[in-house]
>>> print(open('my_file.cif').read())   # mmCIF, C-alpha atoms
data_run
#
loop_
_atom_site.label_atom_id
_atom_site.label_comp_id
_atom_site.auth_asym_id
_atom_site.auth_seq_id
_atom_site.Cartn_x
_atom_site.Cartn_y
_atom_site.Cartn_z
CA MET A 1 -9.47 2.75 -54.07
CA SER A 2 -6.16 1.21 -53.03
CA GLY A 3 -4.52 4.65 -53.14
CA VAL A 4 -7.19 6.12 -50.86
CA MET A 5 -6.87 3.17 -48.49
CA HIS A 6 -3.12 3.64 -48.38
CA ILE A 7 -3.53 7.30 -47.45
CA VAL A 8 -6.06 6.44 -44.75
CA LEU A 9 -3.81 3.75 -43.26
CA ARG A 10 -0.83 6.10 -43.24
CA ALA A 11 -2.90 8.74 -41.49
CA LEU A 12 -4.11 6.26 -38.87
CA ALA A 13 -0.57 4.98 -38.33
CA GLY A 14 0.62 8.55 -37.88
CA LEU A 15 -2.09 9.23 -35.31
CA ALA A 16 -1.27 6.03 -33.44
CA ILE A 17 2.43 6.84 -33.33
CA GLY A 18 1.65 10.39 -32.24
CA PHE A 19 -0.56 9.11 -29.43
CA VAL A 20 2.15 6.72 -28.19
CA VAL A 21 4.72 9.50 -28.31
CA LEU A 22 2.38 11.80 -26.37
CA LEU A 23 1.91 9.18 -23.64
CA LEU A 24 5.64 8.55 -23.46
CA THR A 25 6.28 12.29 -23.28
CA VAL A 26 3.90 12.71 -20.34
CA TRP A 27 5.33 9.65 -18.58
CA GLY A 28 8.89 10.85 -19.10
CA ALA A 29 8.13 14.33 -17.80
CA LEU A 30 6.61 12.90 -14.63
CA ALA A 31 9.46 10.43 -14.19
CA LEU A 32 12.01 13.23 -14.51
CA TRP A 33 10.10 15.41 -12.06
CA HIS A 34 9.93 12.72 -9.38
CA GLN A 35 13.34 11.12 -9.84
CA MET A 36 15.83 13.43 -11.51
CA PRO A 37 18.46 14.59 -9.01
CA GLY A 38 19.85 18.09 -8.83
CA PRO A 39 18.45 21.62 -8.51
CA SER A 40 14.85 22.32 -9.50
CA VAL A 41 15.91 24.75 -12.23
CA VAL A 42 17.93 22.03 -13.96
CA ARG A 43 15.06 19.58 -13.64
CA TRP A 44 12.61 22.08 -15.13
CA PHE A 45 15.00 22.76 -18.03
CA VAL A 46 15.39 19.07 -18.87
CA ILE A 47 11.63 18.49 -18.62
CA ALA A 48 10.97 21.46 -20.90
CA MET A 49 13.45 20.19 -23.50
CA TRP A 50 12.03 16.67 -23.35
CA SER A 51 8.43 17.90 -23.60
CA THR A 52 9.22 20.23 -26.49
CA LEU A 53 10.82 17.38 -28.39
CA GLY A 54 7.83 15.12 -27.76
CA VAL A 55 5.31 17.75 -28.84
CA THR A 56 7.36 18.42 -31.97
CA VAL A 57 7.17 14.74 -32.92
CA VAL A 58 3.41 14.67 -32.30
CA LEU A 59 2.93 17.73 -34.54
CA SER A 60 5.12 16.21 -37.23
CA ARG A 61 3.08 12.99 -37.21
CA ALA A 62 -0.03 15.11 -37.65
CA GLY A 63 1.48 16.53 -40.84
CA LEU A 64 2.10 20.00 -39.48
CA LEU A 65 5.85 19.89 -40.17
CA GLY A 66 7.80 19.05 -43.30
CA ARG A 67 9.20 15.58 -43.94
CA ARG A 68 12.79 16.66 -43.23
CA ASN A 69 11.89 18.23 -39.90
CA ARG A 70 9.76 15.21 -39.05
CA ASN A 71 12.65 12.82 -39.61
CA ILE A 72 15.05 14.94 -37.55
CA ALA A 73 12.55 15.26 -34.68
CA GLY A 74 11.76 11.56 -34.79
CA PHE A 75 15.42 10.55 -34.69
CA ALA A 76 16.16 12.94 -31.82
CA PHE A 77 13.16 11.66 -29.87
CA VAL A 78 14.23 8.02 -30.27
CA ILE A 79 17.71 8.86 -28.93
CA ALA A 80 16.26 10.86 -26.03
CA ALA A 81 13.69 8.17 -25.18
CA ALA A 82 16.35 5.44 -25.23
CA SER A 83 18.54 7.52 -22.91
CA LEU A 84 15.60 8.15 -20.59
CA LEU A 85 14.73 4.45 -20.39
CA MET A 86 18.35 3.50 -19.75
CA TRP A 87 18.49 6.03 -16.89
CA TRP A 88 15.18 4.70 -15.55
CA GLY A 89 16.62 1.20 -15.46
CA THR A 90 19.45 2.36 -13.21
CA LEU A 91 17.03 3.32 -10.41
CA GLN A 92 17.20 0.62 -7.76
CA PRO A 93 15.39 0.26 -4.41
CA SER A 94 17.48 0.43 -1.25
CA HIS A 95 17.24 -0.10 2.48
CA GLN A 96 20.05 2.42 3.05
CA ARG A 97 18.35 5.80 3.31
CA VAL A 98 17.51 8.27 6.07
CA TRP A 99 14.04 7.00 6.89
CA ALA A 100 11.12 8.64 8.65
CA ASP A 101 10.73 7.50 12.26
CA ASP A 102 7.60 5.38 11.72
CA VAL A 103 9.22 3.28 8.98
CA ALA A 104 12.79 3.29 10.26
CA GLN A 105 12.89 -0.41 11.25
CA LEU A 106 12.28 -3.47 9.07
CA LEU A 107 10.21 -6.31 10.48
CA GLU A 108 12.19 -9.47 11.14
CA ALA A 109 10.38 -12.78 11.73
CA ARG A 110 11.77 -16.06 13.04
CA ILE A 111 9.67 -19.21 13.27
CA ASP A 112 10.53 -21.74 15.95
CA GLY A 113 8.06 -24.60 15.80
CA ASN A 114 4.68 -23.18 16.83
CA HIS A 115 6.18 -19.95 18.10
CA VAL A 116 6.87 -16.84 16.06
CA HIS A 117 9.44 -14.29 17.21
CA LEU A 118 8.98 -10.82 15.74
CA ASN A 119 11.57 -8.08 16.00
CA ASN A 120 10.69 -4.44 15.32
CA VAL A 121 6.96 -4.52 16.05
CA ARG A 122 5.88 -0.88 16.07
CA ASN A 123 4.05 0.43 19.13
CA PHE A 124 4.31 4.22 18.93
CA GLN A 125 2.30 6.41 21.28
CA TRP A 126 0.59 8.86 18.94
CA ARG A 127 -0.71 12.14 20.38
CA SER A 128 -1.12 13.64 16.92
CA GLU A 129 0.16 12.79 13.48
CA THR A 130 3.40 14.68 14.19
CA ASP A 131 3.62 14.30 17.98
CA TYR A 132 4.55 10.78 19.04
CA THR A 133 6.85 8.68 21.18
CA PRO A 134 8.72 6.03 19.13
CA GLN A 135 8.77 2.49 20.47
CA TRP A 136 9.85 -0.70 18.74
CA GLU A 137 9.30 -4.04 20.46
CA SER A 138 10.19 -7.72 20.19
CA ARG A 139 7.26 -10.07 20.64
CA THR A 140 6.58 -13.78 20.62
CA TYR A 141 3.30 -15.33 19.50
CA ASP A 142 2.03 -18.90 19.83
CA LEU A 143 0.51 -20.03 16.54
CA ASP A 144 -1.62 -22.60 18.33
CA ARG A 145 -3.39 -19.69 20.04
CA LEU A 146 -4.14 -17.80 16.83
CA ARG A 147 -7.91 -17.47 16.62
CA SER A 148 -9.04 -14.70 14.28
CA ALA A 149 -8.25 -12.34 11.43
CA ASP A 150 -9.92 -8.98 10.86
CA LEU A 151 -9.91 -6.80 7.75
CA VAL A 152 -9.45 -3.08 8.44
CA LEU A 153 -10.01 -0.38 5.83
CA SER A 154 -9.03 3.23 6.48
CA TYR A 155 -10.45 5.79 4.03
CA TRP A 156 -8.10 8.73 3.56
CA MET A 157 -9.10 10.04 0.09
CA GLY A 158 -12.83 9.68 -0.51
CA PRO A 159 -14.89 6.51 -0.93
CA HIS A 160 -12.77 4.94 -3.69
CA ILE A 161 -9.37 4.70 -2.00
CA ALA A 162 -8.63 3.07 1.35
CA HIS A 163 -5.61 1.72 3.16
CA THR A 164 -5.90 -2.02 3.81
CA LEU A 165 -4.68 -3.72 6.99
CA VAL A 166 -5.10 -7.20 8.44
CA SER A 167 -5.22 -7.72 12.23
CA PHE A 168 -4.62 -11.16 13.75
CA GLY A 169 -5.99 -12.05 17.19
CA PHE A 170 -4.75 -14.62 19.70
CA ASP A 171 -6.18 -16.18 22.84
CA GLY A 172 -5.68 -13.80 25.72
CA GLY A 173 -6.32 -10.71 23.62
CA GLU A 174 -2.92 -10.28 21.94
CA ARG A 175 -3.16 -8.75 18.48
CA VAL A 176 -0.75 -7.77 15.74
CA VAL A 177 -1.58 -5.83 12.58
CA PHE A 178 0.19 -6.10 9.22
CA SER A 179 0.26 -3.21 6.78
CA LEU A 180 2.19 -2.71 3.54
CA GLU A 181 3.19 0.96 3.40
CA ILE A 182 5.44 3.35 1.56
CA ARG A 183 8.83 3.71 3.20
CA LYS A 184 9.22 7.47 3.32
CA GLU A 185 12.53 9.17 3.72
CA ARG A 186 12.69 11.74 6.50
CA HIS A 187 12.08 14.67 4.12
CA GLU A 188 9.32 12.99 2.08
CA SER A 189 5.54 12.95 2.25
CA PHE A 190 3.14 10.58 0.53
CA SER A 191 2.33 11.17 -3.13
CA ALA A 192 -0.02 8.86 -5.02
CA VAL A 193 1.50 10.06 -8.31
CA GLY A 194 5.02 9.61 -6.98
CA GLY A 195 4.07 6.04 -6.14
CA PHE A 196 3.91 5.33 -9.88
CA PHE A 197 7.44 6.59 -10.43
CA ARG A 198 9.66 4.68 -7.99
CA GLN A 199 9.68 7.52 -5.48
CA PHE A 200 9.20 5.18 -2.54
CA GLU A 201 10.37 1.79 -1.37
CA GLN A 202 7.85 -0.46 0.36
CA ILE A 203 7.83 -1.75 3.91
CA LEU A 204 5.69 -4.36 5.65
CA VAL A 205 4.89 -3.01 9.09
CA ALA A 206 3.78 -5.16 12.03
CA ALA A 207 2.24 -3.01 14.73
CA ASP A 208 0.04 -2.83 17.78
CA GLU A 209 -3.56 -1.81 17.07
CA ARG A 210 -3.28 1.24 19.32
CA ASP A 211 -0.49 2.37 17.05
CA ILE A 212 -1.45 1.61 13.49
CA VAL A 213 -5.26 1.68 13.70
CA ARG A 214 -5.72 4.36 16.34
CA THR A 215 -3.41 6.79 14.56
CA ARG A 216 -5.75 6.62 11.56
CA SER A 217 -9.05 6.86 13.40
CA ASN A 218 -8.04 9.26 16.19
CA ALA A 219 -4.93 11.18 15.13
CA ARG A 220 -5.64 11.56 11.40
CA GLY A 221 -9.43 11.49 11.49
CA GLU A 222 -9.77 8.93 8.70
CA ASP A 223 -12.93 6.82 8.46
CA VAL A 224 -11.97 3.33 9.61
CA TYR A 225 -14.00 0.13 9.21
CA LEU A 226 -13.36 -3.27 10.77
CA TYR A 227 -14.74 -6.59 9.49
CA ARG A 228 -14.32 -10.10 10.89
CA LEU A 229 -12.92 -12.40 8.21
CA GLN A 230 -14.52 -15.82 7.88
CA MET A 231 -11.44 -18.02 8.11
CA ASN A 232 -10.81 -21.22 9.97
CA GLN A 233 -7.75 -21.45 12.19
CA ALA A 234 -5.68 -23.28 9.58
CA SER A 235 -6.36 -20.60 6.94
CA ALA A 236 -5.67 -17.77 9.39
CA ARG A 237 -2.40 -19.43 10.35
CA ALA A 238 -1.42 -19.88 6.71
CA LEU A 239 -2.17 -16.22 5.92
CA PHE A 240 -0.23 -15.10 9.01
CA LEU A 241 2.80 -17.10 7.91
CA GLU A 242 2.56 -15.69 4.39
CA PHE A 243 2.82 -12.18 5.84
CA LEU A 244 5.94 -13.26 7.73
CA ASN A 245 7.47 -14.77 4.59
CA ALA A 246 6.74 -11.56 2.68
CA ALA A 247 8.37 -9.50 5.44
CA ASN A 248 11.53 -11.62 5.44
CA GLU A 249 11.75 -11.55 1.63
CA LEU A 250 11.38 -7.79 1.65
CA ARG A 251 14.06 -7.55 4.32
CA GLN A 252 16.43 -9.50 2.10
CA LYS A 253 15.56 -7.68 -1.12
CA PRO A 254 14.14 -4.13 -1.18
CA ARG A 255 11.34 -3.34 -3.60
CA PHE A 256 9.69 -0.23 -4.92
CA TYR A 257 6.16 0.61 -3.89
CA ASN A 258 3.76 1.03 -6.80
CA THR A 259 0.44 2.83 -6.37
CA LEU A 260 -1.25 0.51 -8.86
CA THR A 261 0.45 -2.88 -8.82
CA SER A 262 2.24 -3.25 -5.47
CA ASN A 263 0.29 -1.60 -2.69
CA CYS A 264 -1.46 -2.31 0.59
CA THR A 265 -4.42 -4.06 -1.08
CA THR A 266 -2.67 -6.05 -3.78
CA ILE A 267 -0.34 -7.70 -1.25
CA VAL A 268 -3.31 -8.95 0.80
CA PHE A 269 -4.85 -10.37 -2.37
CA GLU A 270 -1.58 -11.96 -3.46
CA LEU A 271 -1.01 -13.59 -0.08
CA ALA A 272 -4.61 -14.77 0.13
CA ARG A 273 -4.31 -16.23 -3.34
CA VAL A 274 -1.46 -18.43 -2.15
CA ILE A 275 -4.02 -20.05 0.15
CA ALA A 276 -6.99 -19.87 -2.24
CA PRO A 277 -5.62 -19.82 -5.82
CA ALA A 278 -9.12 -19.60 -7.34
CA LEU A 279 -9.70 -16.04 -6.09
CA PRO A 280 -10.57 -14.02 -9.23
CA MET A 281 -9.05 -10.73 -10.31
CA ASP A 282 -11.37 -7.77 -9.88
CA TYR A 283 -11.39 -4.00 -10.46
CA ARG A 284 -11.93 -3.56 -6.72
CA LEU A 285 -8.33 -4.62 -6.18
CA LEU A 286 -7.40 -1.32 -7.83
CA LEU A 287 -10.16 0.77 -6.27
CA SER A 288 -9.24 -0.33 -2.77
CA GLY A 289 -12.16 1.46 -1.15
CA TYR A 290 -14.36 -1.37 -2.46
CA PHE A 291 -12.09 -4.18 -1.35
CA ALA A 292 -14.33 -5.14 1.59
CA ARG A 293 -17.25 -5.49 -0.82
CA TYR A 294 -15.08 -7.79 -2.95
CA VAL A 295 -14.30 -9.93 0.11
CA TYR A 296 -18.02 -9.95 0.96
CA ASP A 297 -18.90 -11.17 -2.54
CA MET A 298 -16.29 -13.92 -2.12
CA HIS A 299 -18.14 -14.98 1.08
CA GLY A 300 -15.21 -13.87 3.21
CA LEU A 301 -17.13 -11.71 5.72
CA THR A 302 -19.66 -12.58 8.40
CA PRO A 303 -22.71 -14.24 6.79
CA GLY A 304 -26.33 -13.34 7.51
CA TYR A 305 -25.88 -9.59 7.00
CA ARG A 306 -26.19 -7.29 4.03
CA TYR A 307 -22.93 -5.57 3.12
CA ASP A 308 -24.22 -2.12 4.09
CA GLU A 309 -25.11 -3.51 7.53
CA LEU A 310 -21.60 -4.89 8.01
CA GLN A 311 -20.14 -1.58 6.90
CA ALA A 312 -22.30 0.49 9.25
CA LEU A 313 -21.67 -1.76 12.26
CA GLY A 314 -17.98 -1.98 11.44
CA HIS A 315 -17.39 1.79 11.49
CA ILE A 316 -15.12 2.18 14.52
CA ASN A 317 -14.43 5.92 14.77
CA GLU A 318 -16.96 6.82 17.45
CA ARG A 319 -15.90 3.90 19.62
CA ALA A 320 -12.21 4.60 18.99
CA LEU A 321 -12.51 8.22 20.10
CA ALA A 322 -14.58 7.23 23.14
CA SER A 323 -11.85 4.84 24.27
CA ASP A 324 -9.48 7.80 24.70
CA VAL A 325 -11.88 9.49 27.09
CA SER A 326 -12.90 6.40 29.05
CA GLU A 327 -9.45 4.78 28.91
CA ASP A 328 -11.14 1.52 27.90
CA ASP A 329 -9.03 -0.99 26.02
CA PHE A 330 -8.80 0.20 22.42
CA SER A 331 -8.99 -3.18 20.69
CA MET A 332 -11.91 -4.24 22.86
CA SER A 333 -13.78 -0.97 22.32
CA ILE A 334 -13.56 -0.87 18.53
CA ARG A 335 -14.98 -4.40 18.27
CA GLN A 336 -18.13 -3.71 20.26
CA GLY A 337 -21.10 -4.66 18.07
CA VAL A 338 -19.05 -5.78 15.07
CA PRO A 339 -20.82 -8.77 13.46
CA GLY A 340 -19.05 -12.10 13.79
CA ILE A 341 -17.06 -11.17 16.87
CA PRO A 342 -18.18 -13.15 19.94
CA ALA A 343 -19.19 -11.15 23.00
CA ASN A 344 -16.63 -12.95 25.17
CA GLU A 345 -13.85 -11.82 22.81
CA VAL A 346 -14.51 -8.11 23.35
CA LEU A 347 -14.58 -8.67 27.10
CA VAL A 348 -10.99 -9.91 27.09
CA CYS A 349 -8.45 -7.22 27.85
CA SER A 350 -6.09 -7.04 24.87
CA THR A 351 -3.37 -4.99 26.48
CA GLY A 352 -1.51 -8.07 27.66
CA ARG A 353 1.65 -9.15 25.84
CA ILE A 354 3.46 -12.40 25.36
CA GLY A 355 7.18 -12.09 25.75
CA VAL A 356 7.41 -8.35 25.15
CA ARG A 357 10.95 -7.04 25.28
CA LEU A 358 11.53 -3.31 24.78
#
>>> encode(input="my_file.cif", output="structure tokens")
Amino acid sequence: MSGVMHIVLRALAGLAIGFVVLLLTVWGALALWHQMPGPSVVRWFVIAMWSTLGVTVVLSRAGLLGRRNRNIAGFAFVIAAASLLMWWGTLQPSHQRVWADDVAQLLEARIDGNHVHLNNVRNFQWRSETDYTPQWESRTYDLDRLRSADLVLSYWMGPHIAHTLVSFGFDGGERVVFSLEIRKERHESFSAVGGFFRQFEQILVAADERDIVRTRSNARGEDVYLYRLQMNQASARALFLEFLNAANELRQKPRFYNTLTSNCTTIVFELARVIAPALPMDYRLLLSGYFARYVYDMHGLTPGYRYDELQALGHINERALASDVSEDDFSMSIRQGVPGIPANEVLVCSTGRIGVRL
């Protein structure tokens, strides 16, 4: 019996090692594809050699190759894997690249008592996703006049994945939106897979709602939902300041964007957890399309409504498109009928600015 058990254990160990090698082979091939410099033909050659070596090891662990060949393949794979991991460790994030226009400037925040001075607030005029007029502004906000925080979700890839933004409102109608985004180079486009493989740095954008929300609802045609967050003024202020701290830290030290662990939703959760450490982890932090439902279950949205009611009333697209035709104020229009937002708030023109300097 002990001999049979030994054979079974060896077989299971071989399968486990083969499975790990297969995963590492797939990961390495994708890492090489997204990060290896040089001509495509060279990249394809290296990926083919790496993949062939990995498959050979998997076959040898399954007993389809002789012991001698198995040992040679295993040794070669260990050397190749160590070299790959050493190369991977040399990849470092940087602020010094040729960036796309909409992520060209890093947000800079300076706090002076109750006043916050923001440099590089984005306020592009978007006519389409590729037709726009760049504009970066300096703005000053009075923290004593901070009154509200809204959660905005923009669905760009089905019901499971959404981009998460937080919009802060001040007396007088001033608003600023924070959004963690990939920092694309001029020649790049977004890739969810590439986001796993250090293809992009991250950037924390502060922007006007007509820029960062309208471009999603009107220019890109994404489904956008807005929810009023149930936060007192002290909590809203604390969350606002955490965004500013995160922006300044990112300005000092660049970081890679990660589709799973460091994205637009996880940063909101991490910053909120600084204020409320008891917030639990949840799968909806990964499936960001359900993040609003998570906030609802944490009693963070307007009470007295079912979630599906808040979602239906918070869908802004029709109102956002109508504001282009009527030339009504965008921020005012998209909040019409949204639960938890007082009627007098949507009657305040939000096109005014405090201390805007172009």
>>> resolve_selection(input="my_file.cif", expression="the PyMOL selection byres ((chain A and resi 310-320) around 6)", output="PDB file with C-alpha atoms, in the coordinates of the input")
ATOM      1  CA  SER A 217      -9.050   6.860  13.400  1.00  0.00           C
ATOM      2  CA  VAL A 224     -11.970   3.330   9.610  1.00  0.00           C
ATOM      3  CA  TYR A 225     -14.000   0.130   9.210  1.00  0.00           C
ATOM      4  CA  LEU A 226     -13.360  -3.270  10.770  1.00  0.00           C
ATOM      5  CA  TYR A 227     -14.740  -6.590   9.490  1.00  0.00           C
ATOM      6  CA  TYR A 307     -22.930  -5.570   3.120  1.00  0.00           C
ATOM      7  CA  ASP A 308     -24.220  -2.120   4.090  1.00  0.00           C
ATOM      8  CA  GLU A 309     -25.110  -3.510   7.530  1.00  0.00           C
ATOM      9  CA  LEU A 321     -12.510   8.220  20.100  1.00  0.00           C
ATOM     10  CA  ALA A 322     -14.580   7.230  23.140  1.00  0.00           C
ATOM     11  CA  SER A 323     -11.850   4.840  24.270  1.00  0.00           C
ATOM     12  CA  SER A 333     -13.780  -0.970  22.320  1.00  0.00           C
ATOM     13  CA  ILE A 334     -13.560  -0.870  18.530  1.00  0.00           C
ATOM     14  CA  VAL A 338     -19.050  -5.780  15.070  1.00  0.00           C
TER      15      VAL A 338
END
>>> closest_residue(input="my_file.cif", among="A:Leu260, A:Met281, A:Leu146, A:Val78", to="A:Val193", atoms="all atoms listed in the file")
A:Leu260
>>> residues_near_point(input="my_file.cif", point="(15.6, 1.8, 5.1)", cutoff="12 Å", atoms="only C-alpha atoms", output="ChimeraX atom specification")
/A:93-107,182-186,200-204,250-256
>>> write_last_selection(input="my_file.cif", atoms="C-alpha atoms", output="tab-separated table (two decimals), in the frame of the given file")
chain	number	residue	atom	x	y	z
A	93	PRO	CA	15.39	0.26	-4.41
A	94	SER	CA	17.48	0.43	-1.25
A	95	HIS	CA	17.24	-0.10	2.48
A	96	GLN	CA	20.05	2.42	3.05
A	97	ARG	CA	18.35	5.80	3.31
A	98	VAL	CA	17.51	8.27	6.07
A	99	TRP	CA	14.04	7.00	6.89
A	100	ALA	CA	11.12	8.64	8.65
A	101	ASP	CA	10.73	7.50	12.26
A	102	ASP	CA	7.60	5.38	11.72
A	103	VAL	CA	9.22	3.28	8.98
A	104	ALA	CA	12.79	3.29	10.26
A	105	GLN	CA	12.89	-0.41	11.25
A	106	LEU	CA	12.28	-3.47	9.07
A	107	LEU	CA	10.21	-6.31	10.48
A	182	ILE	CA	5.44	3.35	1.56
A	183	ARG	CA	8.83	3.71	3.20
A	184	LYS	CA	9.22	7.47	3.32
A	185	GLU	CA	12.53	9.17	3.72
A	186	ARG	CA	12.69	11.74	6.50
A	200	PHE	CA	9.20	5.18	-2.54
A	201	GLU	CA	10.37	1.79	-1.37
A	202	GLN	CA	7.85	-0.46	0.36
A	203	ILE	CA	7.83	-1.75	3.91
A	204	LEU	CA	5.69	-4.36	5.65
A	250	LEU	CA	11.38	-7.79	1.65
A	251	ARG	CA	14.06	-7.55	4.32
A	252	GLN	CA	16.43	-9.50	2.10
A	253	LYS	CA	15.56	-7.68	-1.12
A	254	PRO	CA	14.14	-4.13	-1.18
A	255	ARG	CA	11.34	-3.34	-3.60
A	256	PHE	CA	9.69	-0.23	-4.92
>>> closest_residue(input="my_file.cif", among="A:Leu143, A:Ala206, A:Val295, A:Leu22", to="A:Ala236", atoms="only C-alpha atoms")
A:Leu143
>>> atom_distance(input="my_file.cif", atom1="atom CA of A:Leu30", atom2="atom CA of A:Phe197")
7.6 Å
>>> atom_distance(input="my_file.cif", atom1="atom CA of A:Trp88", atom2="atom CA of A:Ala16")
24.3 Å
>>> residues_near_point(input="my_file.cif", point="(-8.2, -23.0, 17.4)", cutoff="10 Å", atoms="all atoms listed in the file", output="VMD selection string")
chain A and resid 143 to 148 170 to 171 232 to 234 236 to 237
>>> resolve_selection(input="my_file.cif", expression="the PyMOL selection byres ((chain A and resi 113) around 12)", output="MDAnalysis selection string")
chainID A and resid 110:112 114:117 140:144
>>> resolve_selection(input="my_file.cif", expression="the PyMOL selection byres ((chain A and resi 45-52) around 12)", output="PyMOL selection string")
chain A and resi 21-44+53-59+73+76-81+83-84
>>> atom_distance(input="my_file.cif", atom1="atom CA of A:Phe240", atom2="atom CA of A:Arg122")
17.0 Å
>>> closest_residue(input="my_file.cif", among="A:Asn218, A:Gln336, A:Gln135, A:Ser288", to="A:Phe269", atoms="all atoms listed in the file")
A:Ser288
>>> closest_residue(input="my_file.cif", among="A:Tyr294, A:Trp136, A:Phe330, A:Phe190", to="A:Glu209", atoms="only C-alpha atoms")
A:Phe330
>>> residues_around(input="my_file.cif", residues="A:Gly304", least_positions_apart="6", cutoff="12 Å", atoms="only C-alpha atoms", output="compact mmCIF listing (two decimals) with C-alpha atoms, in the frame of the given file")
# COMPACT_ATOMS: atom_id res chain seq x y z
CA TYR A 296 -18.02 -9.95 0.96
CA LEU A 310 -21.60 -4.89 8.01
CA PRO A 339 -20.82 -8.77 13.46
CA GLY A 340 -19.05 -12.10 13.79
>>> build_atoms(input="my_file.cif", residues="stretch 104-109 of chain A", atoms="all heavy atoms", output="short mmCIF file (atom, residue, chain, number, x, y, z; two decimals), in the frame of the given file")
data_model
loop_
_atom_site.label_atom_id
_atom_site.label_comp_id
_atom_site.auth_asym_id
_atom_site.auth_seq_id
_atom_site.Cartn_x
_atom_site.Cartn_y
_atom_site.Cartn_z
N ALA A 104 11.33 3.38 10.14
CA ALA A 104 12.79 3.29 10.26
C ALA A 104 13.29 1.86 10.39
O ALA A 104 14.42 1.55 10.01
CB ALA A 104 13.26 4.12 11.45
N GLN A 105 12.45 0.96 10.96
CA GLN A 105 12.89 -0.41 11.25
C GLN A 105 12.15 -1.42 10.37
O GLN A 105 10.94 -1.31 10.19
CB GLN A 105 12.64 -0.74 12.72
CG GLN A 105 13.31 0.22 13.69
CD GLN A 105 14.83 0.18 13.61
OE1 GLN A 105 15.42 -0.85 13.27
NE2 GLN A 105 15.46 1.29 13.93
N LEU A 106 12.88 -2.39 9.86
CA LEU A 106 12.28 -3.47 9.07
C LEU A 106 11.87 -4.62 9.98
O LEU A 106 12.61 -5.01 10.89
CB LEU A 106 13.27 -3.99 8.03
CG LEU A 106 13.55 -3.09 6.83
CD1 LEU A 106 14.73 -3.65 6.03
CD2 LEU A 106 12.32 -2.96 5.94
N LEU A 107 10.69 -5.16 9.72
CA LEU A 107 10.21 -6.31 10.48
C LEU A 107 11.09 -7.53 10.21
O LEU A 107 11.45 -7.81 9.06
CB LEU A 107 8.77 -6.61 10.10
CG LEU A 107 8.13 -7.85 10.73
CD1 LEU A 107 8.05 -7.70 12.24
CD2 LEU A 107 6.75 -8.10 10.12
N GLU A 108 11.42 -8.24 11.26
CA GLU A 108 12.19 -9.47 11.14
C GLU A 108 11.43 -10.58 11.86
O GLU A 108 11.06 -10.43 13.03
CB GLU A 108 13.57 -9.32 11.76
CG GLU A 108 14.44 -10.56 11.65
CD GLU A 108 15.81 -10.36 12.27
OE1 GLU A 108 16.04 -9.29 12.88
OE2 GLU A 108 16.64 -11.28 12.16
N ALA A 109 11.16 -11.68 11.17
CA ALA A 109 10.38 -12.78 11.73
C ALA A 109 11.22 -14.05 11.77
O ALA A 109 11.92 -14.39 10.81
CB ALA A 109 9.12 -13.00 10.91
#
